[in-house]
Amino acid sequence: MRYRWPERIGHVADGDRIIVVLLPDGVPKALDGSGAAIWQLADRATAEEIAADLGEAYGTDPAAILPGVREFCEELAGLGLLERD
């Protein structure tokens, strides 16, 4: 399954933190650390691709972080901050 950012998404980066909101009336959500990294990588990517990119960036085994990446992507999809393709 591939994820993507919704067309009506707004985001602002503030250092290592990203504030995302579904426009026009969504509730803002602050993402930082790995959550911000996952959301940034999630546009037109699968959970496996995101885990591979994070694994390379942080020197971590992608298989070890894949379940957490999937769970977080699904959480964001449930909030409307990601869509499933």
# chains A, B, ... in the order shown; residues from 1 in each chain; ligands from 1
>>> residues_around(residues="range 78-81 of chain A", least_positions_apart="5", cutoff="10 Å", atoms="only C-alpha atoms", output="PDB file with C-alpha atoms, in the first residue's frame")
ATOM      1  CA  ARG A   4       0.311  10.138  -0.043  1.00  0.00           C
ATOM      2  CA  TRP A   5      -0.391  13.545   1.386  1.00  0.00           C
ATOM      3  CA  PRO A   6      -3.979  14.714   0.961  1.00  0.00           C
ATOM      4  CA  GLU A   7      -4.520  17.610  -1.435  1.00  0.00           C
ATOM      5  CA  ARG A   8      -5.902  19.750   1.388  1.00  0.00           C
ATOM      6  CA  ILE A   9      -2.958  19.277   3.733  1.00  0.00           C
ATOM      7  CA  GLY A  10      -1.097  22.219   5.179  1.00  0.00           C
ATOM      8  CA  VAL A  20       0.346  19.373   9.860  1.00  0.00           C
ATOM      9  CA  VAL A  21      -3.339  20.135   9.455  1.00  0.00           C
ATOM     10  CA  LEU A  22      -6.117  19.080   7.125  1.00  0.00           C
ATOM     11  CA  GLY A  26      -8.698  20.189  10.791  1.00  0.00           C
ATOM     12  CA  VAL A  27      -6.990  20.027  14.153  1.00  0.00           C
ATOM     13  CA  PRO A  28      -3.245  20.765  13.912  1.00  0.00           C
ATOM     14  CA  LYS A  29      -0.928  17.924  14.900  1.00  0.00           C
ATOM     15  CA  TRP A  39       5.376  11.988   7.499  1.00  0.00           C
ATOM     16  CA  PHE A  72       2.193   5.335  12.552  1.00  0.00           C
ATOM     17  CA  CYS A  73       1.182   5.696   8.886  1.00  0.00           C
TER      18      CYS A  73
END
>>> residues_around(residues="Ile38 in chain A", least_positions_apart="5", cutoff="8 Å", atoms="only C-alpha atoms", output="list in words")
Ile50, Leu54, Val69 and Cys73 of chain A
>>> select_by_dssp(residues="chain A", states="alpha helix (DSSP H)", output="PyMOL selection string")
chain A and resi 34-41+47-58+62-78
>>> residues_around(residues="Ala30 in chain A", least_positions_apart="4", cutoff="12 Å", atoms="only C-alpha atoms", output="count of residues only")
18
>>> select_by_dssp(residues="range 25-58 of chain A", states="strand (DSSP E or B)", output="PyMOL selection string")
chain A and resi 29-32+45-46
>>> write_last_selection(atoms="C-alpha atoms", output="tab-separated table (two decimals), in the first residue's frame")
chain	number	residue	atom	x	y	z
A	29	LYS	CA	-0.93	17.92	14.90
A	30	ALA	CA	2.70	18.48	15.85
A	31	LEU	CA	5.12	15.83	14.64
A	32	ASP	CA	8.73	15.65	15.73
A	45	ALA	CA	5.76	5.91	-0.61
A	46	THR	CA	5.03	2.53	0.93
>>> residues_around(residues="range 61-63 of chain A", least_positions_apart="3", cutoff="6 Å", atoms="only C-alpha atoms", output="list in words")
Ala51, Ala52, Gly55 and Leu66 of chain A
>>> write_last_selection(atoms="all heavy atoms", output="short mmCIF file (atom, residue, chain, number, x, y, z; two decimals), in the first residue's frame")
data_model
loop_
_atom_site.label_atom_id
_atom_site.label_comp_id
_atom_site.auth_asym_id
_atom_site.auth_seq_id
_atom_site.Cartn_x
_atom_site.Cartn_y
_atom_site.Cartn_z
N ALA A 51 10.56 2.78 5.74
CA ALA A 51 11.44 2.08 6.69
C ALA A 51 12.85 1.94 6.13
O ALA A 51 13.84 2.10 6.86
CB ALA A 51 10.86 0.72 7.05
N ALA A 52 12.96 1.67 4.83
CA ALA A 52 14.29 1.55 4.21
C ALA A 52 15.02 2.88 4.25
O ALA A 52 16.23 2.92 4.59
CB ALA A 52 14.15 1.07 2.76
N GLY A 55 15.95 3.55 7.88
CA GLY A 55 17.03 2.64 8.28
C GLY A 55 18.38 3.10 7.78
O GLY A 55 19.37 3.07 8.51
N LEU A 66 9.90 -1.43 10.65
CA LEU A 66 8.75 -1.48 9.74
C LEU A 66 7.41 -1.56 10.47
O LEU A 66 6.48 -0.83 10.11
CB LEU A 66 8.91 -2.63 8.75
CG LEU A 66 7.78 -2.79 7.73
CD1 LEU A 66 7.57 -1.52 6.92
CD2 LEU A 66 8.08 -3.97 6.81
#
>>> closest_residue(among="A:Ala37, A:Leu23, A:Met1, A:Ala57", to="Asp85 in chain A", atoms="only C-alpha atoms")
A:Met1
>>> closest_residue(among="A:Pro67, A:Thr60, A:Glu75, A:Asp43", to="Tyr3 in chain A", atoms="only C-alpha atoms")
A:Asp43
>>> closest_residue(among="A:Asp25, A:Ala42, A:Ala47, A:Gly33", to="Arg70 in chain A", atoms="only C-alpha atoms")
A:Ala47
>>> atom_distance(atom1="CA of Glu74 in chain A", atom2="CA of Arg44 in chain A")
14.4 Å
>>> decode(residues="range 13-24 of chain A", atoms="N, CA and C atoms", output="tab-separated table (two decimals), in the first residue's frame")
chain	number	residue	atom	x	y	z
A	13	ALA	N	7.16	23.66	8.76
A	13	ALA	CA	8.33	23.09	9.44
A	13	ALA	C	8.91	24.13	10.38
A	14	ASP	N	9.23	23.68	11.58
A	14	ASP	CA	9.83	24.54	12.59
A	14	ASP	C	10.97	23.75	13.22
A	15	GLY	N	12.15	23.84	12.62
A	15	GLY	CA	13.28	23.03	13.08
A	15	GLY	C	13.01	21.56	12.81
A	16	ASP	N	13.07	20.75	13.86
A	16	ASP	CA	12.83	19.31	13.73
A	16	ASP	C	11.36	18.96	13.88
A	17	ARG	N	10.52	19.95	14.04
A	17	ARG	CA	9.09	19.73	14.25
A	17	ARG	C	8.32	20.18	13.02
A	18	ILE	N	7.27	19.43	12.71
A	18	ILE	CA	6.38	19.79	11.61
A	18	ILE	C	4.97	19.83	12.18
A	19	ILE	N	4.26	20.90	11.85
A	19	ILE	CA	2.85	21.02	12.21
A	19	ILE	C	2.06	20.72	10.95
A	20	VAL	N	1.17	19.73	11.01
A	20	VAL	CA	0.35	19.37	9.86
A	20	VAL	C	-1.13	19.55	10.23
A	21	VAL	N	-1.91	19.94	9.23
A	21	VAL	CA	-3.34	20.13	9.45
A	21	VAL	C	-4.08	19.89	8.16
A	22	LEU	N	-5.25	19.28	8.27
A	22	LEU	CA	-6.12	19.08	7.13
A	22	LEU	C	-6.96	20.34	6.98
A	23	LEU	N	-6.78	21.05	5.88
A	23	LEU	CA	-7.45	22.33	5.67
A	23	LEU	C	-8.87	22.11	5.15
A	24	PRO	N	-9.82	22.93	5.46
A	24	PRO	CA	-9.69	24.20	6.15
A	24	PRO	C	-9.93	24.13	7.65
